[in-house]
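Read the structure below first, then the notes.
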Amino acid sequence: MTFETISRRGILGVFAATTVAAAPVMANAFGLMRGAGDIRRIRMYSGRTGESIDTVYWVDGKYIRDALNEINVFMRDWRTGQVIGIDPRTVDIAAASHRLLQTNEPYMMLSGYRSPKTNAMLRSRSSGVARNSLHMVGKAADLRLKSRSVSQMYKAAAACHAGGVGKYSRSNFVHMDCGPVRHWGA
């Protein structure tokens with residue numbers, strides 16, 4: 001049997017017992033995948049839709065297409081229902097940051113993909129929404145954890161040196177994207 005014929009569910013079963021219990025510390029992490037490991041997993045829920053996702057989406061250097069498709073649907077614009085391809089690098093940054101934080105709590109996703117219509121509506125209500133937001137091209141996520149502070153999440157995401165990281169302490173979330181490396185709100 002080749003790797004391509006193994007189902008995603010089969011992979012989940014095989015690796016369920018081998019999940020790494022001890023996450024690497026920031027000092028030992030390097031590059032884009034600080035803390036991501038040989039198995040990349042993302043755990044999130046949406047307070048807007050009531051949906052949750054807990055999936056292994058990458059194993060030994062290969063993305064799992066079915067898992068990425070599930071992530072695309074989960075991270076859709078909940079206001080319009082529109083789904084686009086989420087850049088896997090954004091998921092990688094979120095997963096690596098999550099692992100560095102050494103928590104089993106899933107992220108609460110506040111915003112993944114935003115249609116141009118949704119972005120324009122949000123922009124009309126807040127000066128903190130960018131006109132050309134990376135949310136509109138599936139390259140950003142706004143995330144929250146109850147068990148970790150915004151500062152802790154911000155530091156973990158920034159340690160990945162892989163994209164933009166915004167700290168929104170008043171709104172209690174961190175923005176992570178796979179655009180140019182930059183930081184704000186520190």
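Labels for the structure tokens follow display order: chains A, B, ..., residues from 1 in each chain, ligands from 1.
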List every residue of region 36-84 of chain A that DSSP, applied to the backbone, labels as strand (DSSP E), and write the result as a JSON list (two decimals) with all heavy atoms, in the first residue's frame.
[["chain", "number", "residue", "atom", "x", "y", "z"],
["A", 39, "ILE", "N", 4.53, 15.92, 12.36],
["A", 39, "ILE", "CA", 3.09, 15.84, 12.19],
["A", 39, "ILE", "C", 2.55, 17.22, 12.55],
["A", 39, "ILE", "O", 2.87, 17.75, 13.61],
["A", 39, "ILE", "CB", 2.47, 14.79, 13.15],
["A", 39, "ILE", "CG1", 3.01, 13.42, 12.83],
["A", 39, "ILE", "CG2", 0.95, 14.82, 13.05],
["A", 39, "ILE", "CD1", 2.64, 12.38, 13.86],
["A", 40, "ARG", "N", 1.78, 17.79, 11.66],
["A", 40, "ARG", "CA", 1.20, 19.10, 11.95],
["A", 40, "ARG", "C", -0.30, 18.93, 12.14],
["A", 40, "ARG", "O", -0.99, 18.35, 11.32],
["A", 40, "ARG", "CB", 1.50, 20.09, 10.84],
["A", 40, "ARG", "CG", 2.99, 20.33, 10.71],
["A", 40, "ARG", "CD", 3.31, 21.34, 9.65],
["A", 40, "ARG", "NE", 4.74, 21.29, 9.36],
["A", 40, "ARG", "CZ", 5.30, 21.77, 8.29],
["A", 40, "ARG", "NH1", 4.56, 22.36, 7.37],
["A", 40, "ARG", "NH2", 6.59, 21.67, 8.11],
["A", 41, "ARG", "N", -0.76, 19.48, 13.25],
["A", 41, "ARG", "CA", -2.16, 19.34, 13.63],
["A", 41, "ARG", "C", -2.70, 20.71, 13.98],
["A", 41, "ARG", "O", -2.00, 21.51, 14.60],
["A", 41, "ARG", "CB", -2.23, 18.42, 14.85],
["A", 41, "ARG", "CG", -3.59, 18.25, 15.45],
["A", 41, "ARG", "CD", -3.47, 17.35, 16.66],
["A", 41, "ARG", "NE", -4.75, 17.13, 17.29],
["A", 41, "ARG", "CZ", -4.89, 16.58, 18.47],
["A", 41, "ARG", "NH1", -3.82, 16.17, 19.14],
["A", 41, "ARG", "NH2", -6.08, 16.41, 18.97],
["A", 42, "ILE", "N", -3.94, 20.96, 13.63],
["A", 42, "ILE", "CA", -4.59, 22.22, 14.00],
["A", 42, "ILE", "C", -5.90, 21.89, 14.72],
["A", 42, "ILE", "O", -6.62, 20.98, 14.31],
["A", 42, "ILE", "CB", -4.81, 23.14, 12.77],
["A", 42, "ILE", "CG1", -5.21, 24.55, 13.21],
["A", 42, "ILE", "CG2", -5.81, 22.55, 11.80],
["A", 42, "ILE", "CD1", -4.10, 25.36, 13.80],
["A", 43, "ARG", "N", -6.12, 22.62, 15.81],
["A", 43, "ARG", "CA", -7.34, 22.47, 16.59],
["A", 43, "ARG", "C", -7.96, 23.85, 16.77],
["A", 43, "ARG", "O", -7.33, 24.74, 17.34],
["A", 43, "ARG", "CB", -7.03, 21.87, 17.96],
["A", 43, "ARG", "CG", -6.55, 20.44, 17.90],
["A", 43, "ARG", "CD", -6.21, 19.88, 19.27],
["A", 43, "ARG", "NE", -5.13, 20.60, 19.93],
["A", 43, "ARG", "CZ", -3.85, 20.24, 19.87],
["A", 43, "ARG", "NH1", -3.49, 19.19, 19.19],
["A", 43, "ARG", "NH2", -2.93, 20.93, 20.50],
["A", 44, "MET", "N", -9.17, 24.02, 16.28],
["A", 44, "MET", "CA", -9.85, 25.31, 16.38],
["A", 44, "MET", "C", -11.35, 25.08, 16.54],
["A", 44, "MET", "O", -11.87, 24.03, 16.18],
["A", 44, "MET", "CB", -9.65, 26.14, 15.11],
["A", 44, "MET", "CG", -8.23, 26.55, 14.82],
["A", 44, "MET", "SD", -8.10, 27.66, 13.41],
["A", 44, "MET", "CE", -8.33, 26.54, 12.05],
["A", 45, "TYR", "N", -12.03, 26.10, 17.06],
["A", 45, "TYR", "CA", -13.48, 26.11, 17.04],
["A", 45, "TYR", "C", -13.93, 27.52, 16.70],
["A", 45, "TYR", "O", -13.17, 28.49, 16.84],
["A", 45, "TYR", "CB", -14.07, 25.62, 18.36],
["A", 45, "TYR", "CG", -13.90, 26.56, 19.53],
["A", 45, "TYR", "CD1", -14.92, 27.46, 19.88],
["A", 45, "TYR", "CD2", -12.75, 26.56, 20.29],
["A", 45, "TYR", "CE1", -14.76, 28.33, 20.94],
["A", 45, "TYR", "CE2", -12.59, 27.41, 21.36],
["A", 45, "TYR", "CZ", -13.60, 28.30, 21.68],
["A", 45, "TYR", "OH", -13.44, 29.16, 22.74],
["A", 52, "SER", "N", -16.21, 22.96, 14.99],
["A", 52, "SER", "CA", -14.84, 22.78, 15.46],
["A", 52, "SER", "C", -14.10, 21.89, 14.47],
["A", 52, "SER", "O", -14.71, 21.17, 13.68],
["A", 52, "SER", "CB", -14.81, 22.19, 16.87],
["A", 52, "SER", "OG", -15.40, 20.91, 16.88],
["A", 53, "ILE", "N", -12.78, 21.97, 14.55],
["A", 53, "ILE", "CA", -11.92, 21.15, 13.70],
["A", 53, "ILE", "C", -10.72, 20.71, 14.53],
["A", 53, "ILE", "O", -10.17, 21.49, 15.31],
["A", 53, "ILE", "CB", -11.51, 21.90, 12.41],
["A", 53, "ILE", "CG1", -10.83, 20.96, 11.42],
["A", 53, "ILE", "CG2", -10.65, 23.11, 12.73],
["A", 53, "ILE", "CD1", -10.68, 21.54, 10.03],
["A", 54, "ASP", "N", -10.35, 19.47, 14.39],
["A", 54, "ASP", "CA", -9.17, 18.91, 15.04],
["A", 54, "ASP", "C", -8.62, 17.93, 14.02],
["A", 54, "ASP", "O", -9.14, 16.83, 13.88],
["A", 54, "ASP", "CB", -9.55, 18.21, 16.34],
["A", 54, "ASP", "CG", -8.35, 17.65, 17.08],
["A", 54, "ASP", "OD1", -7.25, 17.54, 16.48],
["A", 54, "ASP", "OD2", -8.51, 17.30, 18.26],
["A", 55, "THR", "N", -7.60, 18.35, 13.30],
["A", 55, "THR", "CA", -7.13, 17.52, 12.20],
["A", 55, "THR", "C", -5.63, 17.56, 12.04],
["A", 55, "THR", "O", -4.99, 18.58, 12.25],
["A", 55, "THR", "CB", -7.81, 17.96, 10.87],
["A", 55, "THR", "OG1", -7.50, 17.02, 9.85],
["A", 55, "THR", "CG2", -7.40, 19.34, 10.42],
["A", 56, "VAL", "N", -5.07, 16.42, 11.68],
["A", 56, "VAL", "CA", -3.68, 16.33, 11.23],
["A", 56, "VAL", "C", -3.73, 16.67, 9.75],
["A", 56, "VAL", "O", -4.45, 16.03, 8.99],
["A", 56, "VAL", "CB", -3.11, 14.91, 11.46],
["A", 56, "VAL", "CG1", -1.75, 14.77, 10.80],
["A", 56, "VAL", "CG2", -3.04, 14.59, 12.94],
["A", 57, "TYR", "N", -2.98, 17.69, 9.35],
["A", 57, "TYR", "CA", -3.06, 18.15, 7.96],
["A", 57, "TYR", "C", -1.73, 18.00, 7.20],
["A", 57, "TYR", "O", -1.65, 18.29, 6.01],
["A", 57, "TYR", "CB", -3.55, 19.60, 7.89],
["A", 57, "TYR", "CG", -2.55, 20.59, 8.47],
["A", 57, "TYR", "CD1", -1.62, 21.23, 7.64],
["A", 57, "TYR", "CD2", -2.52, 20.88, 9.83],
["A", 57, "TYR", "CE1", -0.69, 22.11, 8.17],
["A", 57, "TYR", "CE2", -1.62, 21.75, 10.36],
["A", 57, "TYR", "CZ", -0.70, 22.37, 9.52],
["A", 57, "TYR", "OH", 0.22, 23.24, 10.03],
["A", 58, "TRP", "N", -0.71, 17.52, 7.89],
["A", 58, "TRP", "CA", 0.62, 17.39, 7.28],
["A", 58, "TRP", "C", 1.34, 16.26, 7.99],
["A", 58, "TRP", "O", 1.34, 16.20, 9.22],
["A", 58, "TRP", "CB", 1.37, 18.70, 7.48],
["A", 58, "TRP", "CG", 2.67, 18.86, 6.78],
["A", 58, "TRP", "CD1", 2.87, 19.40, 5.54],
["A", 58, "TRP", "CD2", 3.99, 18.56, 7.28],
["A", 58, "TRP", "NE1", 4.21, 19.46, 5.26],
["A", 58, "TRP", "CE2", 4.92, 18.94, 6.30],
["A", 58, "TRP", "CE3", 4.45, 18.00, 8.45],
["A", 58, "TRP", "CZ2", 6.28, 18.78, 6.46],
["A", 58, "TRP", "CZ3", 5.81, 17.83, 8.62],
["A", 58, "TRP", "CH2", 6.71, 18.23, 7.62],
["A", 59, "VAL", "N", 1.92, 15.35, 7.23],
["A", 59, "VAL", "CA", 2.68, 14.24, 7.80],
["A", 59, "VAL", "C", 3.95, 14.06, 6.97],
["A", 59, "VAL", "O", 3.89, 13.92, 5.75],
["A", 59, "VAL", "CB", 1.86, 12.93, 7.80],
["A", 59, "VAL", "CG1", 2.70, 11.77, 8.31],
["A", 59, "VAL", "CG2", 0.60, 13.08, 8.64],
["A", 62, "LYS", "N", 4.42, 16.16, 3.76],
["A", 62, "LYS", "CA", 3.34, 16.20, 2.77],
["A", 62, "LYS", "C", 2.05, 16.69, 3.41],
["A", 62, "LYS", "O", 1.61, 16.18, 4.45],
["A", 62, "LYS", "CB", 3.10, 14.82, 2.17],
["A", 62, "LYS", "CG", 4.27, 14.31, 1.36],
["A", 62, "LYS", "CD", 3.92, 13.00, 0.70],
["A", 62, "LYS", "CE", 5.17, 12.39, 0.12],
["A", 62, "LYS", "NZ", 5.27, 12.38, -1.27],
["A", 63, "TYR", "N", 1.44, 17.66, 2.73],
["A", 63, "TYR", "CA", 0.12, 18.12, 3.16],
["A", 63, "TYR", "C", -0.91, 17.08, 2.77],
["A", 63, "TYR", "O", -0.79, 16.41, 1.75],
["A", 63, "TYR", "CB", -0.24, 19.45, 2.49],
["A", 63, "TYR", "CG", 0.56, 20.62, 3.01],
["A", 63, "TYR", "CD1", 1.60, 21.15, 2.29],
["A", 63, "TYR", "CD2", 0.25, 21.18, 4.25],
["A", 63, "TYR", "CE1", 2.34, 22.23, 2.77],
["A", 63, "TYR", "CE2", 0.98, 22.25, 4.74],
["A", 63, "TYR", "CZ", 2.02, 22.76, 4.00],
["A", 63, "TYR", "OH", 2.73, 23.81, 4.49]]
Report task. Compile the contact shell of Met75 (chain A) as JSON, numbers by chain: residues with an atom at most 12 Å away, counting only C-alpha atoms, same-chain residues fewer than 2 positions apart removed. Result -> {"A": [42, 43, 44, 45, 46, 48, 49, 51, 52, 53, 68, 69, 70, 71, 72, 73, 77, 78, 79, 80, 81, 82, 83, 84, 85, 86, 87, 88, 90, 91, 108, 109, 110, 111, 112, 113, 114, 115, 135, 136, 137, 138, 139, 140, 141, 142, 143]}
Query raised in the report: Using only C-alpha atoms, which residues sit within 12 Å of Ser149 (chain A) once same-chain residues fewer than 2 positions away are excluded, as a PyMOL selection string?
Result: chain A and resi 101+143-147+151-156+167-174
Report task. Run DSSP on the backbone and grab whatever in region 58-107 of chain A lands in alpha helix (DSSP H); send it over as a PyMOL selection string. Result -> chain A and resi 65-74+88-100
Limited to N, CA and C atoms, could you put the picked residues into a file as a PDB file, in the first residue's frame?
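What landed in out_23.pdb:
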ATOM      1  N   ARG A  65      -4.432  16.614   1.450  1.00  0.00           N
ATOM      2  CA  ARG A  65      -5.402  17.414   0.697  1.00  0.00           C
ATOM      3  C   ARG A  65      -6.783  17.434   1.344  1.00  0.00           C
ATOM      4  N   ASP A  66      -7.312  16.282   1.771  1.00  0.00           N
ATOM      5  CA  ASP A  66      -8.639  16.238   2.388  1.00  0.00           C
ATOM      6  C   ASP A  66      -8.692  17.092   3.652  1.00  0.00           C
ATOM      7  N   ALA A  67      -7.641  17.063   4.427  1.00  0.00           N
ATOM      8  CA  ALA A  67      -7.587  17.867   5.649  1.00  0.00           C
ATOM      9  C   ALA A  67      -7.547  19.354   5.313  1.00  0.00           C
ATOM     10  N   LEU A  68      -6.763  19.722   4.293  1.00  0.00           N
ATOM     11  CA  LEU A  68      -6.724  21.130   3.881  1.00  0.00           C
ATOM     12  C   LEU A  68      -8.089  21.588   3.388  1.00  0.00           C
ATOM     13  N   ASN A  69      -8.796  20.716   2.682  1.00  0.00           N
ATOM     14  CA  ASN A  69     -10.141  21.069   2.223  1.00  0.00           C
ATOM     15  C   ASN A  69     -11.082  21.306   3.406  1.00  0.00           C
ATOM     16  N   GLU A  70     -10.965  20.488   4.448  1.00  0.00           N
ATOM     17  CA  GLU A  70     -11.772  20.688   5.657  1.00  0.00           C
ATOM     18  C   GLU A  70     -11.435  22.017   6.323  1.00  0.00           C
ATOM     19  N   ILE A  71     -10.158  22.345   6.354  1.00  0.00           N
ATOM     20  CA  ILE A  71      -9.720  23.616   6.928  1.00  0.00           C
ATOM     21  C   ILE A  71     -10.284  24.779   6.112  1.00  0.00           C
ATOM     22  N   ASN A  72     -10.262  24.667   4.797  1.00  0.00           N
ATOM     23  CA  ASN A  72     -10.814  25.720   3.934  1.00  0.00           C
ATOM     24  C   ASN A  72     -12.279  25.986   4.272  1.00  0.00           C
ATOM     25  N   VAL A  73     -13.054  24.919   4.431  1.00  0.00           N
ATOM     26  CA  VAL A  73     -14.480  25.070   4.748  1.00  0.00           C
ATOM     27  C   VAL A  73     -14.639  25.654   6.150  1.00  0.00           C
ATOM     28  N   PHE A  74     -13.881  25.160   7.099  1.00  0.00           N
ATOM     29  CA  PHE A  74     -13.977  25.668   8.467  1.00  0.00           C
ATOM     30  C   PHE A  74     -13.653  27.165   8.524  1.00  0.00           C
ATOM     31  N   PRO A  88      -1.738  27.213   3.199  1.00  0.00           N
ATOM     32  CA  PRO A  88      -1.272  26.301   4.256  1.00  0.00           C
ATOM     33  C   PRO A  88      -0.206  26.909   5.158  1.00  0.00           C
ATOM     34  N   ARG A  89       0.525  27.901   4.667  1.00  0.00           N
ATOM     35  CA  ARG A  89       1.543  28.535   5.510  1.00  0.00           C
ATOM     36  C   ARG A  89       0.907  29.250   6.701  1.00  0.00           C
ATOM     37  N   THR A  90      -0.292  29.790   6.523  1.00  0.00           N
ATOM     38  CA  THR A  90      -0.995  30.418   7.648  1.00  0.00           C
ATOM     39  C   THR A  90      -1.340  29.372   8.693  1.00  0.00           C
ATOM     40  N   VAL A  91      -1.806  28.223   8.244  1.00  0.00           N
ATOM     41  CA  VAL A  91      -2.134  27.125   9.156  1.00  0.00           C
ATOM     42  C   VAL A  91      -0.866  26.639   9.847  1.00  0.00           C
ATOM     43  N   ASP A  92       0.237  26.573   9.102  1.00  0.00           N
ATOM     44  CA  ASP A  92       1.520  26.158   9.683  1.00  0.00           C
ATOM     45  C   ASP A  92       1.938  27.088  10.820  1.00  0.00           C
ATOM     46  N   ILE A  93       1.804  28.386  10.610  1.00  0.00           N
ATOM     47  CA  ILE A  93       2.191  29.362  11.636  1.00  0.00           C
ATOM     48  C   ILE A  93       1.316  29.193  12.874  1.00  0.00           C
ATOM     49  N   ALA A  94       0.007  29.050  12.659  1.00  0.00           N
ATOM     50  CA  ALA A  94      -0.909  28.857  13.795  1.00  0.00           C
ATOM     51  C   ALA A  94      -0.581  27.561  14.538  1.00  0.00           C
ATOM     52  N   ALA A  95      -0.330  26.481  13.798  1.00  0.00           N
ATOM     53  CA  ALA A  95      -0.031  25.186  14.421  1.00  0.00           C
ATOM     54  C   ALA A  95       1.289  25.236  15.185  1.00  0.00           C
ATOM     55  N   ALA A  96       2.303  25.844  14.599  1.00  0.00           N
ATOM     56  CA  ALA A  96       3.607  25.934  15.267  1.00  0.00           C
ATOM     57  C   ALA A  96       3.499  26.797  16.521  1.00  0.00           C
ATOM     58  N   SER A  97       2.785  27.894  16.428  1.00  0.00           N
ATOM     59  CA  SER A  97       2.594  28.768  17.595  1.00  0.00           C
ATOM     60  C   SER A  97       1.849  28.035  18.700  1.00  0.00           C
ATOM     61  N   HIS A  98       0.820  27.307  18.317  1.00  0.00           N
ATOM     62  CA  HIS A  98       0.018  26.550  19.278  1.00  0.00           C
ATOM     63  C   HIS A  98       0.877  25.534  20.019  1.00  0.00           C
ATOM     64  N   ARG A  99       1.729  24.873  19.274  1.00  0.00           N
ATOM     65  CA  ARG A  99       2.588  23.856  19.885  1.00  0.00           C
ATOM     66  C   ARG A  99       3.603  24.491  20.834  1.00  0.00           C
ATOM     67  N   LEU A 100       4.116  25.654  20.456  1.00  0.00           N
ATOM     68  CA  LEU A 100       5.049  26.357  21.336  1.00  0.00           C
ATOM     69  C   LEU A 100       4.378  26.771  22.647  1.00  0.00           C
TER      70      LEU A 100
END
Report summary line: Expressed in Å, the length from CA of Ser127 (chain A) to CA of Pro106 (chain A) is 28.5 Å
Query - Surrounding residues of Ala162 (chain A) excluding itself and chain neighbours under 2 positions, 8 Å, only C-alpha atoms, as a list of chain:residue names - result: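 The neighbour list is A:Gly31, A:Leu32, A:Ile93, A:Ala158, A:Cys160, A:Gly164, A:Cys178, A:Gly179, A:Pro180, A:Val181.
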Writer output for current selection, N, CA, C and O atoms, as a compact mmCIF listing (two decimals), in the first residue's frame:
# COMPACT_ATOMS: atom_id res chain seq x y z
N GLY A 31 13.27 28.73 12.29
CA GLY A 31 12.63 28.93 11.00
C GLY A 31 11.11 28.90 11.05
O GLY A 31 10.50 29.05 12.08
N LEU A 32 10.52 28.70 9.87
CA LEU A 32 9.07 28.74 9.70
C LEU A 32 8.35 27.75 10.60
O LEU A 32 7.33 28.05 11.18
N ILE A 93 1.80 28.39 10.61
CA ILE A 93 2.19 29.36 11.64
C ILE A 93 1.32 29.19 12.87
O ILE A 93 1.81 29.16 14.00
N ALA A 158 5.35 35.33 16.88
CA ALA A 158 6.50 36.12 16.42
C ALA A 158 7.77 35.26 16.39
O ALA A 158 8.63 35.45 15.53
N CYS A 160 8.11 32.39 15.36
CA CYS A 160 8.16 31.60 14.12
C CYS A 160 8.86 32.35 12.99
O CYS A 160 9.31 31.74 12.03
N GLY A 164 3.24 38.00 9.35
CA GLY A 164 2.78 39.11 10.17
C GLY A 164 2.11 38.63 11.44
O GLY A 164 1.37 37.65 11.43
N CYS A 178 0.64 34.85 6.71
CA CYS A 178 1.85 34.36 6.03
C CYS A 178 2.39 35.38 5.04
O CYS A 178 3.10 35.02 4.11
N GLY A 179 2.09 36.65 5.28
CA GLY A 179 2.66 37.72 4.47
C GLY A 179 4.08 38.01 4.91
O GLY A 179 4.72 37.19 5.59
N PRO A 180 4.59 39.18 4.55
CA PRO A 180 5.94 39.56 4.98
C PRO A 180 6.06 39.55 6.51
O PRO A 180 5.08 39.82 7.22
N VAL A 181 7.25 39.25 7.00
CA VAL A 181 7.48 39.24 8.45
C VAL A 181 7.41 40.68 8.96
O VAL A 181 8.13 41.55 8.48
